[in-house]
file work.cif (mmCIF, C-alpha atoms; chains and numbers go by the auth columns)
data_data
#
loop_
_atom_site.group_PDB
_atom_site.id
_atom_site.type_symbol
_atom_site.label_atom_id
_atom_site.label_comp_id
_atom_site.label_asym_id
_atom_site.label_seq_id
_atom_site.Cartn_x
_atom_site.Cartn_y
_atom_site.Cartn_z
_atom_site.B_iso_or_equiv
_atom_site.auth_seq_id
_atom_site.auth_asym_id
ATOM 1 C CA MET A 1 -30.002 139.449 -116.987 0.00 1 A
ATOM 2 C CA LYS A 2 -27.255 140.379 -119.433 0.00 2 A
ATOM 3 C CA THR A 3 -27.868 143.119 -122.006 0.00 3 A
ATOM 4 C CA VAL A 4 -25.526 142.792 -124.978 0.00 4 A
ATOM 5 C CA ILE A 5 -24.729 145.858 -127.063 0.00 5 A
ATOM 6 C CA ILE A 6 -23.861 144.453 -130.469 0.00 6 A
ATOM 7 C CA ASP A 7 -20.453 145.642 -131.623 0.00 7 A
ATOM 8 C CA TYR A 8 -20.235 145.848 -135.404 0.00 8 A
ATOM 9 C CA HIS A 9 -17.133 148.034 -135.197 0.00 9 A
ATOM 10 C CA LYS A 10 -18.855 151.354 -135.943 0.00 10 A
ATOM 11 C CA GLY A 11 -19.627 154.419 -133.896 0.00 11 A
ATOM 12 C CA ASN A 12 -19.499 155.445 -130.262 0.00 12 A
ATOM 13 C CA ILE A 13 -20.898 152.370 -128.561 0.00 13 A
ATOM 14 C CA ARG A 14 -19.507 153.311 -125.146 0.00 14 A
ATOM 15 C CA SER A 15 -21.951 156.183 -124.689 0.00 15 A
ATOM 16 C CA VAL A 16 -24.847 153.754 -125.147 0.00 16 A
ATOM 17 C CA GLU A 17 -23.185 151.364 -122.694 0.00 17 A
ATOM 18 C CA ARG A 18 -22.847 154.108 -120.084 0.00 18 A
ATOM 19 C CA GLY A 19 -26.438 155.200 -120.606 0.00 19 A
ATOM 20 C CA LEU A 20 -27.802 151.715 -119.958 0.00 20 A
ATOM 21 C CA ALA A 21 -25.427 150.949 -117.097 0.00 21 A
ATOM 22 C CA ALA A 22 -26.478 154.150 -115.339 0.00 22 A
ATOM 23 C CA HIS A 23 -29.852 152.538 -114.731 0.00 23 A
ATOM 24 C CA GLY A 24 -28.476 149.331 -113.317 0.00 24 A
ATOM 25 C CA ALA A 25 -28.428 147.222 -116.470 0.00 25 A
ATOM 26 C CA ASP A 26 -25.817 144.461 -116.601 0.00 26 A
ATOM 27 C CA VAL A 27 -24.251 145.489 -119.907 0.00 27 A
ATOM 28 C CA VAL A 28 -21.530 144.044 -122.108 0.00 28 A
ATOM 29 C CA VAL A 29 -20.326 145.189 -125.545 0.00 29 A
ATOM 30 C CA SER A 30 -19.557 142.234 -127.798 0.00 30 A
ATOM 31 C CA ASP A 31 -19.323 140.906 -131.350 0.00 31 A
ATOM 32 C CA ASP A 32 -19.192 137.304 -130.044 0.00 32 A
ATOM 33 C CA VAL A 33 -22.146 135.343 -131.433 0.00 33 A
ATOM 34 C CA ARG A 34 -22.131 133.083 -128.360 0.00 34 A
ATOM 35 C CA ARG A 35 -22.644 136.034 -126.032 0.00 35 A
ATOM 36 C CA ILE A 36 -25.306 137.472 -128.316 0.00 36 A
ATOM 37 C CA ALA A 37 -27.089 134.113 -128.381 0.00 37 A
ATOM 38 C CA ASP A 38 -27.157 134.052 -124.563 0.00 38 A
ATOM 39 C CA ALA A 39 -28.295 137.658 -124.094 0.00 39 A
ATOM 40 C CA GLY A 40 -31.408 138.550 -122.154 0.00 40 A
ATOM 41 C CA ALA A 41 -31.716 141.776 -124.169 0.00 41 A
ATOM 42 C CA LEU A 42 -30.019 143.166 -127.274 0.00 42 A
ATOM 43 C CA VAL A 43 -29.145 146.699 -128.346 0.00 43 A
ATOM 44 C CA LEU A 44 -27.953 147.551 -131.859 0.00 44 A
ATOM 45 C CA PRO A 45 -26.515 151.095 -131.890 0.00 45 A
ATOM 46 C CA GLY A 46 -25.899 152.916 -135.098 0.00 46 A
ATOM 47 C CA VAL A 47 -23.412 155.131 -136.857 0.00 47 A
ATOM 48 C CA GLY A 48 -22.294 154.464 -140.423 0.00 48 A
ATOM 49 C CA ALA A 49 -23.638 153.215 -143.736 0.00 49 A
ATOM 50 C CA PHE A 50 -26.352 150.582 -144.177 0.00 50 A
ATOM 51 C CA ALA A 51 -24.460 148.321 -146.588 0.00 51 A
ATOM 52 C CA ASP A 52 -21.223 148.467 -144.619 0.00 52 A
ATOM 53 C CA ALA A 53 -22.981 147.643 -141.344 0.00 53 A
ATOM 54 C CA MET A 54 -24.938 144.738 -142.838 0.00 54 A
ATOM 55 C CA GLY A 55 -21.757 143.416 -144.432 0.00 55 A
ATOM 56 C CA THR A 56 -20.043 143.331 -141.049 0.00 56 A
ATOM 57 C CA LEU A 57 -23.034 141.747 -139.297 0.00 57 A
ATOM 58 C CA ASN A 58 -23.214 139.051 -141.973 0.00 58 A
ATOM 59 C CA GLU A 59 -19.460 138.453 -142.003 0.00 59 A
ATOM 60 C CA LEU A 60 -19.380 137.990 -138.222 0.00 60 A
ATOM 61 C CA GLY A 61 -22.394 135.670 -138.278 0.00 61 A
ATOM 62 C CA ILE A 62 -24.378 138.088 -136.127 0.00 62 A
ATOM 63 C CA SER A 63 -27.357 138.649 -138.444 0.00 63 A
ATOM 64 C CA SER A 64 -28.773 135.145 -138.165 0.00 64 A
ATOM 65 C CA VAL A 65 -28.278 135.030 -134.392 0.00 65 A
ATOM 66 C CA VAL A 66 -30.046 138.377 -133.928 0.00 66 A
ATOM 67 C CA LYS A 67 -33.029 137.170 -135.950 0.00 67 A
ATOM 68 C CA GLU A 68 -33.176 133.959 -133.925 0.00 68 A
ATOM 69 C CA ARG A 69 -33.093 135.845 -130.625 0.00 69 A
ATOM 70 C CA ILE A 70 -35.767 138.293 -131.775 0.00 70 A
ATOM 71 C CA ALA A 71 -37.975 135.374 -132.842 0.00 71 A
ATOM 72 C CA ALA A 72 -37.449 133.880 -129.379 0.00 72 A
ATOM 73 C CA GLY A 73 -38.891 137.034 -127.789 0.00 73 A
ATOM 74 C CA VAL A 74 -35.689 138.679 -126.562 0.00 74 A
ATOM 75 C CA PRO A 75 -36.176 142.468 -126.133 0.00 75 A
ATOM 76 C CA PHE A 76 -34.306 144.380 -128.840 0.00 76 A
ATOM 77 C CA LEU A 77 -33.563 148.092 -129.257 0.00 77 A
ATOM 78 C CA GLY A 78 -32.158 149.510 -132.501 0.00 78 A
ATOM 79 C CA ILE A 79 -30.744 153.042 -132.413 0.00 79 A
ATOM 80 C CA CYS A 80 -30.438 155.235 -135.553 0.00 80 A
ATOM 81 C CA LEU A 81 -28.743 152.951 -138.107 0.00 81 A
ATOM 82 C CA GLY A 82 -29.712 150.103 -135.783 0.00 82 A
ATOM 83 C CA LEU A 83 -33.344 151.044 -136.508 0.00 83 A
ATOM 84 C CA HIS A 84 -32.709 151.099 -140.262 0.00 84 A
ATOM 85 C CA LEU A 85 -31.159 147.644 -140.253 0.00 85 A
ATOM 86 C CA LEU A 86 -34.407 146.158 -138.941 0.00 86 A
ATOM 87 C CA PHE A 87 -36.064 146.767 -142.311 0.00 87 A
ATOM 88 C CA GLU A 88 -36.031 144.689 -145.487 0.00 88 A
ATOM 89 C CA GLY A 89 -33.482 146.868 -147.222 0.00 89 A
ATOM 90 C CA GLY A 90 -31.645 150.162 -147.552 0.00 90 A
ATOM 91 C CA SER A 91 -31.001 152.294 -150.644 0.00 91 A
ATOM 92 C CA GLU A 92 -27.847 153.995 -149.367 0.00 92 A
ATOM 93 C CA HIS A 93 -24.919 153.813 -151.817 0.00 93 A
ATOM 94 C CA VAL A 94 -26.662 151.467 -154.260 0.00 94 A
ATOM 95 C CA ALA A 95 -26.696 153.970 -157.168 0.00 95 A
ATOM 96 C CA GLY A 96 -30.110 153.005 -158.497 0.00 96 A
ATOM 97 C CA GLY A 97 -29.642 149.263 -158.032 0.00 97 A
ATOM 98 C CA ASP A 98 -31.496 146.901 -155.751 0.00 98 A
ATOM 99 C CA PRO A 99 -31.539 147.870 -152.073 0.00 99 A
ATOM 100 C CA THR A 100 -29.032 146.235 -149.747 0.00 100 A
ATOM 101 C CA PRO A 101 -30.912 143.515 -147.810 0.00 101 A
ATOM 102 C CA GLY A 102 -31.421 144.273 -144.125 0.00 102 A
ATOM 103 C CA LEU A 103 -32.454 142.025 -141.255 0.00 103 A
ATOM 104 C CA GLY A 104 -35.998 141.872 -142.634 0.00 104 A
ATOM 105 C CA ILE A 105 -37.739 142.110 -139.264 0.00 105 A
ATOM 106 C CA LEU A 106 -39.928 144.993 -140.463 0.00 106 A
ATOM 107 C CA PRO A 107 -41.339 145.663 -143.957 0.00 107 A
ATOM 108 C CA GLY A 108 -40.085 148.327 -146.330 0.00 108 A
ATOM 109 C CA VAL A 109 -36.942 150.030 -147.568 0.00 109 A
ATOM 110 C CA VAL A 110 -34.943 152.792 -145.890 0.00 110 A
ATOM 111 C CA ASN A 111 -34.486 155.792 -148.212 0.00 111 A
ATOM 112 C CA ALA A 112 -32.802 159.210 -148.142 0.00 112 A
ATOM 113 C CA LEU A 113 -34.478 162.174 -146.540 0.00 113 A
ATOM 114 C CA PRO A 114 -35.489 164.567 -149.333 0.00 114 A
ATOM 115 C CA LYS A 115 -33.862 167.996 -149.408 0.00 115 A
ATOM 116 C CA LEU A 116 -37.136 169.654 -150.444 0.00 116 A
ATOM 117 C CA ASP A 117 -40.535 169.408 -148.808 0.00 117 A
ATOM 118 C CA ALA A 118 -43.816 169.203 -150.719 0.00 118 A
ATOM 119 C CA GLY A 119 -43.926 172.997 -150.977 0.00 119 A
ATOM 120 C CA GLY A 120 -40.418 173.331 -152.382 0.00 120 A
ATOM 121 C CA GLN A 121 -38.774 174.558 -149.167 0.00 121 A
ATOM 122 C CA THR A 122 -35.146 173.467 -148.776 0.00 122 A
ATOM 123 C CA TYR A 123 -33.999 171.517 -145.703 0.00 123 A
ATOM 124 C CA LYS A 124 -30.474 170.826 -144.557 0.00 124 A
ATOM 125 C CA ILE A 125 -29.465 167.188 -144.925 0.00 125 A
ATOM 126 C CA PRO A 126 -28.099 165.511 -142.808 0.00 126 A
ATOM 127 C CA HIS A 127 -30.778 166.292 -140.263 0.00 127 A
ATOM 128 C CA VAL A 128 -28.677 167.161 -137.214 0.00 128 A
ATOM 129 C CA GLY A 129 -29.864 168.543 -133.887 0.00 129 A
ATOM 130 C CA TRP A 130 -32.835 168.555 -131.563 0.00 130 A
ATOM 131 C CA ASN A 131 -36.326 167.900 -132.885 0.00 131 A
ATOM 132 C CA SER A 132 -39.681 166.944 -131.432 0.00 132 A
ATOM 133 C CA VAL A 133 -40.831 163.345 -131.341 0.00 133 A
ATOM 134 C CA SER A 134 -44.615 163.086 -131.539 0.00 134 A
ATOM 135 C CA GLN A 135 -45.976 159.861 -130.076 0.00 135 A
ATOM 136 C CA VAL A 136 -48.740 158.415 -132.263 0.00 136 A
ATOM 137 C CA SER A 137 -49.487 155.294 -130.219 0.00 137 A
ATOM 138 C CA SER A 138 -48.886 154.151 -126.667 0.00 138 A
ATOM 139 C CA SER A 139 -45.678 152.263 -125.881 0.00 139 A
ATOM 140 C CA PRO A 140 -43.832 151.372 -122.677 0.00 140 A
ATOM 141 C CA LEU A 141 -40.707 152.758 -124.344 0.00 141 A
ATOM 142 C CA PHE A 142 -42.085 156.283 -123.826 0.00 142 A
ATOM 143 C CA ALA A 143 -43.448 155.835 -120.311 0.00 143 A
ATOM 144 C CA GLY A 144 -43.054 159.091 -118.362 0.00 144 A
ATOM 145 C CA ILE A 145 -41.916 161.026 -121.456 0.00 145 A
ATOM 146 C CA ALA A 146 -43.890 164.032 -122.739 0.00 146 A
ATOM 147 C CA PRO A 147 -45.896 163.332 -125.949 0.00 147 A
ATOM 148 C CA ASP A 148 -43.854 165.834 -128.006 0.00 148 A
ATOM 149 C CA GLU A 149 -40.511 165.642 -126.221 0.00 149 A
ATOM 150 C CA HIS A 150 -37.324 166.711 -128.043 0.00 150 A
ATOM 151 C CA PHE A 151 -34.524 164.259 -128.806 0.00 151 A
ATOM 152 C CA TYR A 152 -31.190 164.569 -130.616 0.00 152 A
ATOM 153 C CA PHE A 153 -30.962 163.431 -134.253 0.00 153 A
ATOM 154 C CA THR A 154 -28.162 162.983 -136.771 0.00 154 A
ATOM 155 C CA HIS A 155 -29.095 161.135 -139.991 0.00 155 A
ATOM 156 C CA SER A 156 -29.576 161.431 -143.736 0.00 156 A
ATOM 157 C CA TYR A 157 -31.867 158.416 -144.234 0.00 157 A
ATOM 158 C CA CYS A 158 -35.183 157.490 -142.696 0.00 158 A
ATOM 159 C CA ALA A 159 -37.257 154.391 -142.103 0.00 159 A
ATOM 160 C CA PRO A 160 -40.444 153.809 -144.123 0.00 160 A
ATOM 161 C CA ALA A 161 -43.837 154.418 -142.563 0.00 161 A
ATOM 162 C CA SER A 162 -45.580 151.263 -141.412 0.00 162 A
ATOM 163 C CA ALA A 163 -48.160 149.925 -138.985 0.00 163 A
ATOM 164 C CA TYR A 164 -45.314 149.638 -136.459 0.00 164 A
ATOM 165 C CA THR A 165 -44.657 153.395 -136.211 0.00 165 A
ATOM 166 C CA ILE A 166 -45.174 154.623 -132.637 0.00 166 A
ATOM 167 C CA ALA A 167 -43.707 158.134 -133.006 0.00 167 A
ATOM 168 C CA GLU A 168 -43.068 160.599 -135.821 0.00 168 A
ATOM 169 C CA THR A 169 -40.834 163.599 -136.521 0.00 169 A
ATOM 170 C CA GLU A 170 -40.866 166.239 -139.266 0.00 170 A
ATOM 171 C CA HIS A 171 -37.869 167.366 -141.296 0.00 171 A
ATOM 172 C CA SER A 172 -38.697 167.918 -144.980 0.00 172 A
ATOM 173 C CA VAL A 173 -41.137 164.989 -144.569 0.00 173 A
ATOM 174 C CA THR A 174 -42.860 163.247 -141.691 0.00 174 A
ATOM 175 C CA PHE A 175 -40.859 160.130 -140.915 0.00 175 A
ATOM 176 C CA PRO A 176 -41.014 157.384 -138.249 0.00 176 A
ATOM 177 C CA SER A 177 -38.799 158.319 -135.318 0.00 177 A
ATOM 178 C CA ALA A 178 -39.734 155.253 -133.258 0.00 178 A
ATOM 179 C CA VAL A 179 -41.171 151.833 -134.025 0.00 179 A
ATOM 180 C CA GLN A 180 -42.354 148.830 -132.053 0.00 180 A
ATOM 181 C CA CYS A 181 -43.195 145.295 -133.147 0.00 181 A
ATOM 182 C CA GLU A 182 -43.861 143.154 -130.078 0.00 182 A
ATOM 183 C CA ASN A 183 -40.430 142.762 -128.394 0.00 183 A
ATOM 184 C CA VAL A 184 -38.628 144.850 -131.033 0.00 184 A
ATOM 185 C CA PHE A 185 -38.114 148.590 -130.598 0.00 185 A
ATOM 186 C CA GLY A 186 -36.255 151.089 -132.763 0.00 186 A
ATOM 187 C CA VAL A 187 -35.557 154.817 -132.524 0.00 187 A
ATOM 188 C CA GLN A 188 -34.167 157.195 -135.133 0.00 188 A
ATOM 189 C CA PHE A 189 -32.745 159.611 -132.570 0.00 189 A
ATOM 190 C CA HIS A 190 -29.863 159.023 -130.177 0.00 190 A
ATOM 191 C CA PRO A 191 -31.187 158.578 -126.625 0.00 191 A
ATOM 192 C CA GLU A 192 -27.646 158.476 -125.262 0.00 192 A
ATOM 193 C CA LYS A 193 -27.230 162.077 -126.493 0.00 193 A
ATOM 194 C CA SER A 194 -30.716 163.282 -125.545 0.00 194 A
ATOM 195 C CA SER A 195 -30.316 164.461 -121.967 0.00 195 A
ATOM 196 C CA SER A 196 -32.955 163.459 -119.396 0.00 196 A
ATOM 197 C CA ALA A 197 -35.550 162.320 -121.956 0.00 197 A
ATOM 198 C CA GLY A 198 -33.058 159.965 -123.577 0.00 198 A
ATOM 199 C CA ALA A 199 -31.958 158.684 -120.188 0.00 199 A
ATOM 200 C CA ARG A 200 -35.582 157.949 -119.306 0.00 200 A
ATOM 201 C CA LEU A 201 -36.086 156.040 -122.571 0.00 201 A
ATOM 202 C CA LEU A 202 -33.024 153.867 -121.892 0.00 202 A
ATOM 203 C CA LYS A 203 -34.317 153.277 -118.368 0.00 203 A
ATOM 204 C CA ASN A 204 -37.692 152.259 -119.786 0.00 204 A
ATOM 205 C CA PHE A 205 -36.071 149.766 -122.151 0.00 205 A
ATOM 206 C CA SER A 206 -33.972 148.306 -119.348 0.00 206 A
ATOM 207 C CA GLU A 207 -37.027 147.906 -117.140 0.00 207 A
ATOM 208 C CA LEU A 208 -39.202 146.290 -119.793 0.00 208 A
ATOM 209 C CA ALA A 209 -36.329 143.958 -120.671 0.00 209 A
ATOM 210 C CA GLU A 210 -36.054 142.936 -117.019 0.00 210 A
ATOM 211 C CA SER A 211 -39.806 142.374 -116.812 0.00 211 A
ATOM 212 C CA ARG A 212 -39.663 139.862 -119.652 0.00 212 A
#
call {"tool": "encode", "arguments": {"input": "work.cif", "output": "structure tokens"}}
result
Amino acid sequence: MKTVIIDYHKGNIRSVERGLAAHGADVVVSDDVRRIADAGALVLPGVGAFADAMGTLNELGISSVVKERIAAGVPFLGICLGLHLLFEGGSEHVAGGDPTPGLGILPGVVNALPKLDAGGQTYKIPHVGWNSVSQVSSSPLFAGIAPDEHFYFTHSYCAPASAYTIAETEHSVTFPSAVQCENVFGVQFHPEKSSSAGARLLKNFSELAESR
């Protein structure tokens, strides 16, 4: 089974490729819609801005193919910005206008992390470094991973809370750090940078993809 890491010309995709390949996954990095359409599993990594990434995905014809493959039941993992793009829209760089449309797989709009918490305490944004990920519902993505394990984050925006949240993290606010909707998974942190816990999560995704 071929796992395709979607190349939208942003970020360090090779580290994600190495992380998946280390667990025996047959991995290819591609922006070719034909390869994406034939994939047995899809991974959308993420570094960059919401609008820029969606523009590239739309320009390359990838957006529609991804939605078709998700609807067909193909396992999908979005990482960081790849998680954000699953939602209906993103407010990054829109200067008060309408949100940039996302893939629309999950409901809600991605917004900036606030610099102040409810008590007025200041937090550094971007949120960069290790933080705990508290699992709030059971998921095969976290099999064998401690309920409050630490993962590595680097982001300024966060996904909206929804019924699909399976893990949460706190930094100025409590935000979803992992989601699941049937065959679709997304994580805010970077598993490829998260030592043994991140390696286990990538292994879990590879195994559940194989099982489908």
call {"tool": "closest_atom_pairs", "arguments": {"input": "work.cif", "of": "stretch 24-139 of chain A", "to": "stretch 153-173 of chain A", "cutoff": "9 Å", "atoms": "all atoms listed in the file", "output": "JSON lines"}}
result
{"residue": "A:Val47", "atom": "CA", "partner": "A:His155", "partner_atom": "CA", "distance": 8.8}
{"residue": "A:Cys80", "atom": "CA", "partner": "A:His155", "partner_atom": "CA", "distance": 7.5}
{"residue": "A:Leu81", "atom": "CA", "partner": "A:His155", "partner_atom": "CA", "distance": 8.4}
{"residue": "A:Leu83", "atom": "CA", "partner": "A:Ala159", "partner_atom": "CA", "distance": 7.6}
{"residue": "A:His84", "atom": "CA", "partner": "A:Ala159", "partner_atom": "CA", "distance": 5.9}
{"residue": "A:Phe87", "atom": "CA", "partner": "A:Ala159", "partner_atom": "CA", "distance": 7.7}
{"residue": "A:Gly90", "atom": "CA", "partner": "A:Ala159", "partner_atom": "CA", "distance": 8.9}
{"residue": "A:Ser91", "atom": "CA", "partner": "A:Tyr157", "partner_atom": "CA", "distance": 8.9}
{"residue": "A:Glu92", "atom": "CA", "partner": "A:Tyr157", "partner_atom": "CA", "distance": 7.9}
{"residue": "A:Leu106", "atom": "CA", "partner": "A:Tyr164", "partner_atom": "CA", "distance": 8.2}
{"residue": "A:Pro107", "atom": "CA", "partner": "A:Ser162", "partner_atom": "CA", "distance": 7.5}
{"residue": "A:Gly108", "atom": "CA", "partner": "A:Pro160", "partner_atom": "CA", "distance": 5.9}
{"residue": "A:Val109", "atom": "CA", "partner": "A:Pro160", "partner_atom": "CA", "distance": 6.2}
{"residue": "A:Val110", "atom": "CA", "partner": "A:Ala159", "partner_atom": "CA", "distance": 4.7}
{"residue": "A:Asn111", "atom": "CA", "partner": "A:Tyr157", "partner_atom": "CA", "distance": 5.4}
{"residue": "A:Ala112", "atom": "CA", "partner": "A:Tyr157", "partner_atom": "CA", "distance": 4.1}
{"residue": "A:Leu113", "atom": "CA", "partner": "A:Tyr157", "partner_atom": "CA", "distance": 5.1}
{"residue": "A:Pro114", "atom": "CA", "partner": "A:Ser172", "partner_atom": "CA", "distance": 6.4}
{"residue": "A:Lys115", "atom": "CA", "partner": "A:Ser172", "partner_atom": "CA", "distance": 6.6}
{"residue": "A:Leu116", "atom": "CA", "partner": "A:Ser172", "partner_atom": "CA", "distance": 5.9}
{"residue": "A:Asp117", "atom": "CA", "partner": "A:Ser172", "partner_atom": "CA", "distance": 4.5}
{"residue": "A:Ala118", "atom": "CA", "partner": "A:Ser172", "partner_atom": "CA", "distance": 7.8}
{"residue": "A:Gln121", "atom": "CA", "partner": "A:Ser172", "partner_atom": "CA", "distance": 7.9}
{"residue": "A:Thr122", "atom": "CA", "partner": "A:Ser172", "partner_atom": "CA", "distance": 7.6}
{"residue": "A:Tyr123", "atom": "CA", "partner": "A:Ser172", "partner_atom": "CA", "distance": 6.0}
{"residue": "A:Lys124", "atom": "CA", "partner": "A:Ser172", "partner_atom": "CA", "distance": 8.7}
{"residue": "A:Ile125", "atom": "CA", "partner": "A:Ser156", "partner_atom": "CA", "distance": 5.9}
{"residue": "A:Pro126", "atom": "CA", "partner": "A:Ser156", "partner_atom": "CA", "distance": 4.4}
{"residue": "A:His127", "atom": "CA", "partner": "A:His155", "partner_atom": "CA", "distance": 5.4}
{"residue": "A:Val128", "atom": "CA", "partner": "A:Thr154", "partner_atom": "CA", "distance": 4.2}
{"residue": "A:Gly129", "atom": "CA", "partner": "A:Phe153", "partner_atom": "CA", "distance": 5.2}
{"residue": "A:Trp130", "atom": "CA", "partner": "A:Phe153", "partner_atom": "CA", "distance": 6.1}
{"residue": "A:Asn131", "atom": "CA", "partner": "A:Phe153", "partner_atom": "CA", "distance": 7.1}
{"residue": "A:Ser132", "atom": "CA", "partner": "A:Thr169", "partner_atom": "CA", "distance": 6.2}
{"residue": "A:Val133", "atom": "CA", "partner": "A:Thr169", "partner_atom": "CA", "distance": 5.2}
{"residue": "A:Ser134", "atom": "CA", "partner": "A:Glu168", "partner_atom": "CA", "distance": 5.2}
{"residue": "A:Gln135", "atom": "CA", "partner": "A:Ala167", "partner_atom": "CA", "distance": 4.1}
{"residue": "A:Val136", "atom": "CA", "partner": "A:Ala167", "partner_atom": "CA", "distance": 5.1}
{"residue": "A:Ser137", "atom": "CA", "partner": "A:Ile166", "partner_atom": "CA", "distance": 5.0}
{"residue": "A:Ser138", "atom": "CA", "partner": "A:Ile166", "partner_atom": "CA", "distance": 7.0}
{"residue": "A:Ser139", "atom": "CA", "partner": "A:Ile166", "partner_atom": "CA", "distance": 7.2}
call {"tool": "closest_residue", "arguments": {"input": "work.cif", "among": "A:Phe76, A:Phe50, A:Phe151, A:Tyr8", "to": "A:Gly198", "atoms": "only C-alpha atoms"}}
result
A:Phe151
call {"tool": "resolve_selection", "arguments": {"input": "work.cif", "expression": "the PyMOL selection byres ((chain A and resi 10-19) around 10)", "output": "MDAnalysis selection string"}}
result
chainID A and resid 3:9 20:29 43:49 52:53 56 79 190:193 198:203
call {"tool": "atom_distance", "arguments": {"input": "work.cif", "atom1": "atom CA of A:Leu42", "atom2": "atom CA of A:Ile62"}}
result
11.7 Å
call {"tool": "closest_residue", "arguments": {"input": "work.cif", "among": "A:Val94, A:His150, A:Ala37, A:Gly119", "to": "A:Ser194", "atoms": "only C-alpha atoms"}}
result
A:His150
call {"tool": "residues_around", "arguments": {"input": "work.cif", "residues": "A:Leu103", "least_positions_apart": "5", "cutoff": "10 Å", "atoms": "all atoms listed in the file", "output": "PyMOL selection string"}}
result
chain A and resi 54+57-58+63-64+66-67+84-89
call {"tool": "atom_distance", "arguments": {"input": "work.cif", "atom1": "atom CA of A:Ala178", "atom2": "atom CA of A:Ala146"}}
result
14.3 Å
call {"tool": "closest_residue", "arguments": {"input": "work.cif", "among": "A:Gly40, A:Gly186, A:Gly82, A:Gly73", "to": "A:Leu141", "atoms": "only C-alpha atoms"}}
result
A:Gly186
call {"tool": "atom_distance", "arguments": {"input": "work.cif", "atom1": "atom CA of A:Asp38", "atom2": "atom CA of A:Cys181"}}
result
21.4 Å
call {"tool": "closest_residue", "arguments": {"input": "work.cif", "among": "A:Val33, A:Ile105, A:Leu77, A:Ile145", "to": "A:Ser206", "atoms": "all atoms listed in the file"}}
result
A:Leu77
call {"tool": "closest_residue", "arguments": {"input": "work.cif", "among": "A:Pro176, A:Pro75, A:Gly61, A:Pro140", "to": "A:Arg212", "atoms": "all atoms listed in the file"}}
result
A:Pro75
call {"tool": "closest_residue", "arguments": {"input": "work.cif", "among": "A:Ala39, A:Ala72, A:Phe142, A:Glu59", "to": "A:Glu207", "atoms": "only C-alpha atoms"}}
result
A:Phe142
call {"tool": "decode", "arguments": {"input": "work.cif", "residues": "stretch 115-128 of chain A", "atoms": "N, CA and C atoms", "output": "mmCIF file, in the first residue's frame"}}
result
data_model
loop_
_atom_site.group_PDB
_atom_site.id
_atom_site.type_symbol
_atom_site.label_atom_id
_atom_site.label_comp_id
_atom_site.auth_asym_id
_atom_site.auth_seq_id
_atom_site.Cartn_x
_atom_site.Cartn_y
_atom_site.Cartn_z
ATOM 1 N N LYS A 115 -2.705 36.100 22.827
ATOM 2 C CA LYS A 115 -1.490 36.353 23.605
ATOM 3 C C LYS A 115 -1.762 36.434 25.097
ATOM 4 N N LEU A 116 -3.024 36.629 25.471
ATOM 5 C CA LEU A 116 -3.410 36.721 26.879
ATOM 6 C C LEU A 116 -4.405 35.632 27.213
ATOM 7 N N ASP A 117 -4.273 35.047 28.400
ATOM 8 C CA ASP A 117 -5.284 34.085 28.833
ATOM 9 C C ASP A 117 -6.432 34.823 29.514
ATOM 10 N N ALA A 118 -7.397 34.068 30.021
ATOM 11 C CA ALA A 118 -8.593 34.689 30.607
ATOM 12 C C ALA A 118 -8.267 35.535 31.832
ATOM 13 N N GLY A 119 -7.137 35.240 32.487
ATOM 14 C CA GLY A 119 -6.740 36.005 33.659
ATOM 15 C C GLY A 119 -5.810 37.162 33.365
ATOM 16 N N GLY A 120 -5.502 37.389 32.098
ATOM 17 C CA GLY A 120 -4.639 38.495 31.715
ATOM 18 C C GLY A 120 -3.170 38.161 31.651
ATOM 19 N N GLN A 121 -2.796 36.893 31.878
ATOM 20 C CA GLN A 121 -1.394 36.493 31.804
ATOM 21 C C GLN A 121 -0.940 36.441 30.352
ATOM 22 N N THR A 122 0.266 36.941 30.090
ATOM 23 C CA THR A 122 0.806 36.986 28.734
ATOM 24 C C THR A 122 1.491 35.673 28.370
ATOM 25 N N TYR A 123 1.274 35.218 27.145
ATOM 26 C CA TYR A 123 1.919 34.014 26.614
ATOM 27 C C TYR A 123 2.687 34.358 25.349
ATOM 28 N N LYS A 124 3.792 33.684 25.154
ATOM 29 C CA LYS A 124 4.588 33.912 23.953
ATOM 30 C C LYS A 124 3.930 33.222 22.755
ATOM 31 N N ILE A 125 3.736 33.999 21.708
ATOM 32 C CA ILE A 125 3.196 33.494 20.449
ATOM 33 C C ILE A 125 4.196 33.839 19.354
ATOM 34 N N PRO A 126 4.649 32.907 18.541
ATOM 35 C CA PRO A 126 4.199 31.534 18.374
ATOM 36 C C PRO A 126 4.456 30.664 19.604
ATOM 37 N N HIS A 127 3.636 29.654 19.726
ATOM 38 C CA HIS A 127 3.791 28.612 20.733
ATOM 39 C C HIS A 127 4.812 27.617 20.186
ATOM 40 N N VAL A 128 6.011 27.640 20.746
ATOM 41 C CA VAL A 128 7.100 26.801 20.252
ATOM 42 C C VAL A 128 7.684 25.998 21.408
#
